[in-house]
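Enquirer: My questions will all concern the structure given below.
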Amino acid sequence: MRGAVISVVACIGLLLPSVPVSAHHAFAATFDINKPIVLKGRITKVELMNPHSWFWLEVENPDGTKTEWGFEGGSPNSLIRRGVTKSSLPVGTELIVTGYQAKSGQNKGVGVNITLGDGRKLFFADDMPGGANSATSPAP
Amino acid sequence: MRKRLHGVVVAGAAGAVIVALSCAMGPLSAQAPTAGQFPPYQPPRGTDGNPDVSGFWQAFVTANIDLLDHDAQPGPTPETMGAYGAWPAGQGIVEGGEIPYRPEALARKQQNADNRMTVNISSDARRHETGDPELKCYRPGVPRATYMPFPFQIIQSQQYILIVHEYANALRTIYMDDHKEAPAESWMGWSNGRWDGNTLVVDTAGFVPYTWFDRAGNHHSDALRVVERYTPVSPYHLMYEATIEDPKVFTRPWKIRFPLYRRMEQNVQLLDFNCVPFTEELLYRHLRRQPTQ
Amino acid sequence: MKDRLNPSFLAAVVAVVLSLGSAWVAAQAPPASSASTPWSVVRTPHGQPDLQGYWTSLSFTPLERPEQYGTREFLTDQEVEEIFKAGIQRSYDLTFANSADTPVYDATVYALDAWQNGVRPNRRTSLIVDPPNGRLPPLTPEAQARRGRARPPQETFNGPEDLGTGVRCFTFGGPPIPAGSNYNQNTFILQGKDHVVLEYEWGSVTRVVPLDGRPHLSRNIRPWRGDSRGRWDGDTLVVETTNFRPSVTPQNSNAATLRLTERLTRIDENTIEYRYTVDDPSTWARPWTAIIPLSKVEGPLFEYACHEGNNGLVNILEGARAQEKR
């Protein structure tokens with residue numbers, strides 16, 4: 001696993017150093033590949049921000065208690081150019097998130113796959129230049 | 001041809017006559033300017049026919065310390081900082097001399113002031129609950145960036161006006177046509193601009209709720225909207241007014257006003273105030289590895 | 001966790017993007033013919049050639065020429081297509097490097113993958129065009145010694161100084177303008193009457209370049225983006241940058257002796273030729289020059305307030321401290 005990360009970083013090693021090529025290494029340092037998680041919850045807050053967006057969910061536990069979880073996603077800049085706004089993902093929307101938990105042990109993780117409650121992928125998972133496939137963002 | 005004369009004729013004991021004359025030849029008198037007054041002025045115009053407000057500007061009020069009247073004060077840790085760390089007095093820039101807070105928001109302002117040096121950096125937005133964002137080298141927001149004690153540069157084209165701040169390289173993009181709503185919240189807001197005669201009017205909203213107006217803890221919510229007016233009043237001054245509106249925090253809109261001064265040093269340019277490295281110890285020392293016993 | 005890019009999907013993506021990219025590919029011709037392009041220059045109201053707008057420096061072209069090309073500067077049509085296709089696949093794989101390997105978010109969800117962001121095919125075998133072998137010149141003995149002394153990348157994170165300047169949000173965007181297949185590699189150019197502004201999206205780093213012939217700053221003042229001075233040479237904007245800081249120089253060159261010259265020429269409606277020369281006699285025996293195509297994209301550039309939102313640095317250090325306790 002480690003070897004794969006290093007070879008991926010090396011193949012873009014010819015880029016100029018001012019490009020943040022350490023991005024993937026930073027993720028491996030932050031989130032634990034040995035702690036996969038699958039959670040379902042309702043959005044309480046959406047932070048479209050840099051360097052990474054964060055999505056906050058209220059997750060109902062099996063015993064009925066509720067826990068707040070936060071998931072890290074991508075920079076919103078490209079989404080914004082495609083018309084996504086802070087209103088595109090309303091509070092209360094149900095999400096299912098698969099990802100990995102933070103090494104700190106806090107209720108935070110990286111959101112690898114995020115789907116809406118009805119199974120549609122969040123934002124532009126299947127987009128294609130020229131609009132050959134439709135975007136799958138939720139209705140604003 | 002007779003010039004207009006303001007004359008004083010004095011008959012001295014020796015018969016000497018001393019005449020003091022002042023000739024008023026046009027709008028700019030040979031007398032020293034009166035503070036607070038600017039004679040009528042028409043600014044030079046750019047190729048698009050609009051006033052040219054480009055250049056290097058800076059405020060010289062102390063509003064960054066406190067928007068309201070404030071006396072000189074020792075500042076943080078005077079036992080090490082002495083006079084280096086002390087803050088000057090200043091007369092307030094708020095029209096009417098008061099900021100019309102809702103009661104719970106006023107309590108929050110006091111809490112901010114009490115905790116302005118309290119820094120608790122977590123890996124989420126709770127980091128913004130205490131501590132002056134200026135202390136952390138976060139972007140100052142609007143209008144604070146305009147009266148920070150640092151210059152800014154206005155670069156102007158017909159479609160966009162950019163304001164680049166020396167402080168933290170903070171950038172404001174003012175869209176002069178193609179006005180849109182803010183797609184998401186940002187620290188410097190989303191600005192739409194237009195000309196109103198000689199005045200540049202900038203309407204900014206879409207702010208994160210985390211910036212303060214000053215070190216005294218004056219604050220706002222995500223509903224903040226700031227309408228600024230920049231009016232050239234001499235070759236060397238812009239008169240700046242801003243109306244601040246935030247129905248979640250204030251009972252009514254309120255205004256600030258002060259002049260901006262053109263920086264006239266030869267070869268003046270923005271330098272770098274990258275305070276991010278300066279704040280690492282403050283923000284992150286609690287996350288350092290501790291030596292084992 | 002994620003499937004390899006479906007071959008017919010990949011072919012469709014490449015076909016669409018290649019059709020968008022044909023203008024750039026057609027506009028290139030060996031060698032260095034930008035001065036003789038027939039495109040008629042559009043001017044700003046101040047009479048300067050118009051470079052304004054939003055431009056991406058996304059590229060799959062490597063900085064250094066792979067040795068198999070020797071001194072060949074340009075690819076055949078078939079090679080252009082193959083390399084571009086491979087670039088899209090590699091970019092996609094990088095995006096999905098998590099494939100059970102790395103805990104990373106799915107970048108295509110956020111439209112951050114290169115093929116979602118306007119990357120165009122490039123007829124060149126490398127970004128470097130001089131030396132003629134398309135590779136960095138040999139290092140001087142001093143530079144080799146400097147590299148030998150360089151601190152290796154850290155594996156433990158005792159404090160923020162063990163992380164890179166990017167993770168610490170110190171600065172981004174060179175100069176020179178970075179190329180590569182990463183996201184947010186967009187530059188907004190605005191021209192005022194006597195200054196040109198280049199805003200680089202990653203980090204919202206803004207350079208303001210005066211055109212009034214003023215001298216550089218003294219050597220005692222070293223802005224994080226260096227100190228730039230611009231002038232027009234015909235229809236080309238020439239920007240000279242000095243006063244670099246250590247740790248933010250291209251290829252770890254020597255800030256004290258480095259001079260960078262950038263040349264921007266609009267060659268058609270959708271393209272700027274961005275040519276830069278790195279001259280650092282204490283690092284390389286001779287200067288080297290690269291060309292990156294800047295391709296027109298839609299705006300806007302949204303604020304990138306890196307330090308303000310830097311949860312990542314805190315999470316990394318919190319994680320390191322938590323692991324020590326285990």
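Residue names in the structure tokens use chain letters A, B, ... in the order shown, residue numbers from 1 in each chain, and ligand numbers from 1 in the order shown.
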Taking only C-alpha atoms into account, what are the residues of chain C at most 6 Å from chain B, put as a PyMOL selection string?
Expert: chain C and resi 158-159+192+223+308+311+314-315+317
Enquirer: Quick one: write out the picked residues with C-alpha atoms as a PDB file, in the first residue's frame?
Expert:
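Contents of the output file part-v1.pdb:
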ATOM      1  CA  ASN C 158       6.672  16.827  15.635  1.00  0.00           C
ATOM      2  CA  GLY C 159       5.490  20.282  14.742  1.00  0.00           C
ATOM      3  CA  GLY C 192      -4.750  48.257 -15.551  1.00  0.00           C
ATOM      4  CA  PRO C 223       8.642  39.083  -1.132  1.00  0.00           C
ATOM      5  CA  GLU C 308      -7.929  30.437   7.547  1.00  0.00           C
ATOM      6  CA  ASN C 311      -7.904  22.066   9.142  1.00  0.00           C
ATOM      7  CA  VAL C 314      -4.216  20.565  12.592  1.00  0.00           C
ATOM      8  CA  ASN C 315      -5.613  17.125  11.729  1.00  0.00           C
ATOM      9  CA  LEU C 317      -0.594  17.032  14.040  1.00  0.00           C
TER      10      LEU C 317
END
Enquirer: Give me, as CSV, each residue of chain C that comes within 8 Å of chain A, together with its shortest interatomic pair and the distance in Å at one decimal, counting only C-alpha atoms, with rows ordered by chain and rising residue number.
Expert:
residue,atom,partner,partner_atom,distance
C:Val13,CA,A:Met128,CA,6.6
C:Val16,CA,A:Pro129,CA,6.6
C:Val17,CA,A:Pro129,CA,7.1
C:Pro62,CA,A:Leu14,CA,6.2
C:Leu63,CA,A:Leu14,CA,5.8
C:Glu64,CA,A:Leu14,CA,6.9
C:Leu94,CA,A:Val8,CA,6.7
C:Ala97,CA,A:Val5,CA,7.3
C:Ala100,CA,A:Met1,CA,7.8
C:Asp101,CA,A:Met1,CA,5.0
C:Thr102,CA,A:Ala28,CA,6.0
C:Pro103,CA,A:Ile33,CA,5.6
C:Val104,CA,A:Phe27,CA,6.1
C:Tyr105,CA,A:Val112,CA,4.1
C:Asp106,CA,A:Val112,CA,5.2
C:Ala107,CA,A:Gly74,CA,6.4
C:Thr108,CA,A:Ala125,CA,5.3
C:Val109,CA,A:Ala125,CA,4.2
C:Tyr110,CA,A:Leu79,CA,5.9
C:Ala111,CA,A:Ser78,CA,5.8
C:Leu112,CA,A:Ser78,CA,6.3
C:Trp115,CA,A:Pro129,CA,7.8
C:Gln116,CA,A:Pro129,CA,6.7
C:Asn117,CA,A:Ser78,CA,7.5
C:Gly164,CA,A:Ser22,CA,7.9
C:Gly166,CA,A:Pro20,CA,6.0
C:Val167,CA,A:Ala26,CA,7.9
C:Phe172,CA,A:Ser18,CA,6.0
C:Gly173,CA,A:Ser18,CA,6.1
C:Gly174,CA,A:Ser18,CA,5.8
C:Pro178,CA,A:Val19,CA,6.1
C:Ala179,CA,A:Leu15,CA,6.9
C:Gly180,CA,A:Leu15,CA,6.0
C:Asn182,CA,A:Val19,CA,7.7
C:Asn184,CA,A:Asn77,CA,7.2
C:Val248,CA,A:Ser18,CA,7.0
C:Thr249,CA,A:Ser18,CA,7.9
C:Pro250,CA,A:Leu16,CA,6.4
C:Gln251,CA,A:Pro17,CA,6.2
C:Asn252,CA,A:Pro17,CA,7.8
C:Glu298,CA,A:Arg81,CA,7.2
C:Gly299,CA,A:Arg81,CA,6.3
C:Pro300,CA,A:Arg81,CA,6.4
C:Leu301,CA,A:Asn77,CA,6.8
C:Phe302,CA,A:Asn77,CA,5.7
C:Glu303,CA,A:Asn50,CA,7.8
C:Tyr304,CA,A:Asn50,CA,5.4
C:Ala305,CA,A:Asn50,CA,6.1
C:Cys306,CA,A:Pro51,CA,5.6
C:Gly309,CA,A:Asn50,CA,6.0
C:Asn310,CA,A:Pro51,CA,6.7
C:Gly312,CA,A:Thr30,CA,7.3
C:Asn315,CA,A:Thr30,CA,5.9
C:Ile316,CA,A:Thr30,CA,4.7
C:Glu318,CA,A:Ser104,CA,5.2
C:Gly319,CA,A:Ser104,CA,3.8
C:Ala320,CA,A:Ser104,CA,7.3
C:Arg321,CA,A:Ser104,CA,7.5
C:Ala322,CA,A:Ser104,CA,5.3
C:Gln323,CA,A:Lys103,CA,7.2
Enquirer: Please identify every residue of chain A that has at least one atom no more than 7 Å from any atom of chain B, counting only C-alpha atoms, and report them as an NGL selection string.
Expert: :A and (48 or 80 or 85-86)
Enquirer: Between CA of Leu282 in chain B and CA of Ala216 in chain B, what is the spacing in Å?
Expert: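 Value for the CA of Ala216 in chain B-CA of Leu282 in chain B distance: 19.9 Å.
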Enquirer: Per residue of range 31-131 of chain B within 10 Å of range 219-225 of chain B, record the nearest atom pair and its distance in Å to one decimal, counting only C-alpha atoms, with rows in chain order and ascending residue number, as a Markdown table.
Expert:
| residue | atom | partner | partner_atom | distance |
| --- | --- | --- | --- | --- |
| B:Tyr101 | CA | B:His219 | CA | 9.8 |
| B:Ala105 | CA | B:His219 | CA | 8.3 |
| B:Leu106 | CA | B:His219 | CA | 9.2 |
| B:Arg108 | CA | B:His219 | CA | 8.2 |
| B:Lys109 | CA | B:His219 | CA | 6.5 |
| B:Asn112 | CA | B:His219 | CA | 8.3 |
Enquirer: Could you write those residues out with C-alpha atoms, as a PDB file, in the first residue's frame?
Expert:
ATOM      1  CA  TYR B 101     -26.253  46.322  18.590  1.00  0.00           C
ATOM      2  CA  ALA B 105     -24.995  40.780  20.096  1.00  0.00           C
ATOM      3  CA  LEU B 106     -23.631  43.470  22.402  1.00  0.00           C
ATOM      4  CA  ARG B 108     -21.075  38.873  22.331  1.00  0.00           C
ATOM      5  CA  LYS B 109     -18.977  41.936  21.521  1.00  0.00           C
ATOM      6  CA  ASN B 112     -15.003  38.916  22.065  1.00  0.00           C
TER       7      ASN B 112
END
Enquirer: Check range 15-114 of chain A with DSSP on the backbone and list each residue it calls strand (DSSP E or B), as an NGL selection string.
Expert: :A and (31-47 or 54-60 or 66-72 or 94-102 or 108-114)
Enquirer: Find the distance between CA of Pro246 in chain C and CA of Leu58 in chain C and write it in Å to one decimal.
Expert: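 Distance reported for this atom pair: 25.7 Å.
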Enquirer: Give me the residues within 8 Å of range 282-290 of chain C as a list in words, counting only C-alpha atoms and dropping any in the same chain fewer than 2 places off.
Expert: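 Near neighbours after the sequence-gap exclusion: Leu63, Leu127, Ile128, Val129, Asp130, Pro131, Leu136, Pro137, Pro138, Leu139, Thr140, Glu142, Ala143, Ser253, Asn254, Thr257, Arg275, Tyr276, Thr277, Val278, Asp279, Asp280 and Ile292 of chain C.
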Enquirer: Go ahead and save the picked residues with N, CA and C atoms, as a JSON list (two decimals), in the first residue's frame.
Expert:
[["chain", "number", "residue", "atom", "x", "y", "z"],
["C", 63, "LEU", "N", 7.84, 18.20, -17.47],
["C", 63, "LEU", "CA", 8.81, 19.30, -17.54],
["C", 63, "LEU", "C", 10.00, 18.89, -18.38],
["C", 127, "LEU", "N", 7.97, 20.35, -21.54],
["C", 127, "LEU", "CA", 7.80, 21.80, -21.34],
["C", 127, "LEU", "C", 9.11, 22.52, -21.62],
["C", 128, "ILE", "N", 10.23, 21.89, -21.22],
["C", 128, "ILE", "CA", 11.53, 22.52, -21.46],
["C", 128, "ILE", "C", 11.83, 22.48, -22.96],
["C", 129, "VAL", "N", 12.18, 23.64, -23.50],
["C", 129, "VAL", "CA", 12.53, 23.72, -24.93],
["C", 129, "VAL", "C", 14.00, 24.05, -25.14],
["C", 130, "ASP", "N", 14.62, 24.51, -24.10],
["C", 130, "ASP", "CA", 16.05, 24.81, -24.20],
["C", 130, "ASP", "C", 16.67, 24.53, -22.84],
["C", 131, "PRO", "N", 17.67, 23.69, -22.73],
["C", 131, "PRO", "CA", 18.55, 23.11, -23.75],
["C", 131, "PRO", "C", 17.80, 22.25, -24.76],
["C", 136, "LEU", "N", 16.67, 19.50, -17.95],
["C", 136, "LEU", "CA", 17.38, 20.49, -17.15],
["C", 136, "LEU", "C", 18.88, 20.38, -17.41],
["C", 137, "PRO", "N", 19.56, 21.52, -17.43],
["C", 137, "PRO", "CA", 21.01, 21.47, -17.62],
["C", 137, "PRO", "C", 21.68, 20.79, -16.41],
["C", 138, "PRO", "N", 22.93, 20.40, -16.58],
["C", 138, "PRO", "CA", 23.63, 19.78, -15.44],
["C", 138, "PRO", "C", 23.73, 20.76, -14.27],
["C", 139, "LEU", "N", 23.71, 20.19, -13.06],
["C", 139, "LEU", "CA", 23.88, 21.01, -11.86],
["C", 139, "LEU", "C", 25.33, 21.39, -11.70],
["C", 140, "THR", "N", 25.55, 22.56, -11.14],
["C", 140, "THR", "CA", 26.92, 22.94, -10.77],
["C", 140, "THR", "C", 27.35, 22.10, -9.56],
["C", 142, "GLU", "N", 28.39, 23.15, -6.81],
["C", 142, "GLU", "CA", 27.82, 23.78, -5.60],
["C", 142, "GLU", "C", 26.39, 23.31, -5.39],
["C", 143, "ALA", "N", 25.62, 23.23, -6.49],
["C", 143, "ALA", "CA", 24.23, 22.82, -6.37],
["C", 143, "ALA", "C", 24.12, 21.36, -5.95],
["C", 253, "SER", "N", 16.36, 26.09, -6.59],
["C", 253, "SER", "CA", 17.51, 26.89, -7.00],
["C", 253, "SER", "C", 17.84, 27.93, -5.92],
["C", 254, "ASN", "N", 18.87, 28.71, -6.18],
["C", 254, "ASN", "CA", 19.44, 29.60, -5.18],
["C", 254, "ASN", "C", 18.78, 30.98, -5.27],
["C", 257, "THR", "N", 20.81, 34.17, -6.30],
["C", 257, "THR", "CA", 21.37, 34.41, -7.64],
["C", 257, "THR", "C", 20.36, 34.14, -8.75],
["C", 275, "ARG", "N", 6.15, 31.50, -21.82],
["C", 275, "ARG", "CA", 7.52, 31.00, -21.96],
["C", 275, "ARG", "C", 8.34, 31.60, -20.84],
["C", 276, "TYR", "N", 9.04, 30.77, -20.07],
["C", 276, "TYR", "CA", 9.85, 31.33, -18.99],
["C", 276, "TYR", "C", 11.26, 30.79, -19.02],
["C", 277, "THR", "N", 12.19, 31.62, -18.60],
["C", 277, "THR", "CA", 13.61, 31.25, -18.57],
["C", 277, "THR", "C", 14.11, 31.38, -17.14],
["C", 278, "VAL", "N", 14.70, 30.32, -16.65],
["C", 278, "VAL", "CA", 15.27, 30.29, -15.31],
["C", 278, "VAL", "C", 16.79, 30.43, -15.43],
["C", 279, "ASP", "N", 17.33, 31.46, -14.81],
["C", 279, "ASP", "CA", 18.76, 31.75, -14.93],
["C", 279, "ASP", "C", 19.33, 31.81, -13.52],
["C", 280, "ASP", "N", 20.04, 30.75, -13.12],
["C", 280, "ASP", "CA", 20.67, 30.73, -11.80],
["C", 280, "ASP", "C", 22.04, 30.10, -11.94],
["C", 292, "ILE", "N", 4.76, 26.76, -21.39],
["C", 292, "ILE", "CA", 3.51, 26.16, -20.93],
["C", 292, "ILE", "C", 2.38, 26.84, -21.69]]
Enquirer: What does the distance between CA of Thr65 in chain A and CA of Glu129 in chain B come to in Å, to one decimal place?
Expert: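 CA of Glu129 in chain B lies at a distance of 26.0 Å from CA of Thr65 in chain A.
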Enquirer: Choose the residue, out of B:Pro39, B:Gly217, B:Pro235, B:Gly193, that has the smallest atom-to-atom separation from Ile65 in chain B; count only C-alpha atoms.
Expert: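 Closest to Ile65 in chain B of all the choices is B:Gly217.
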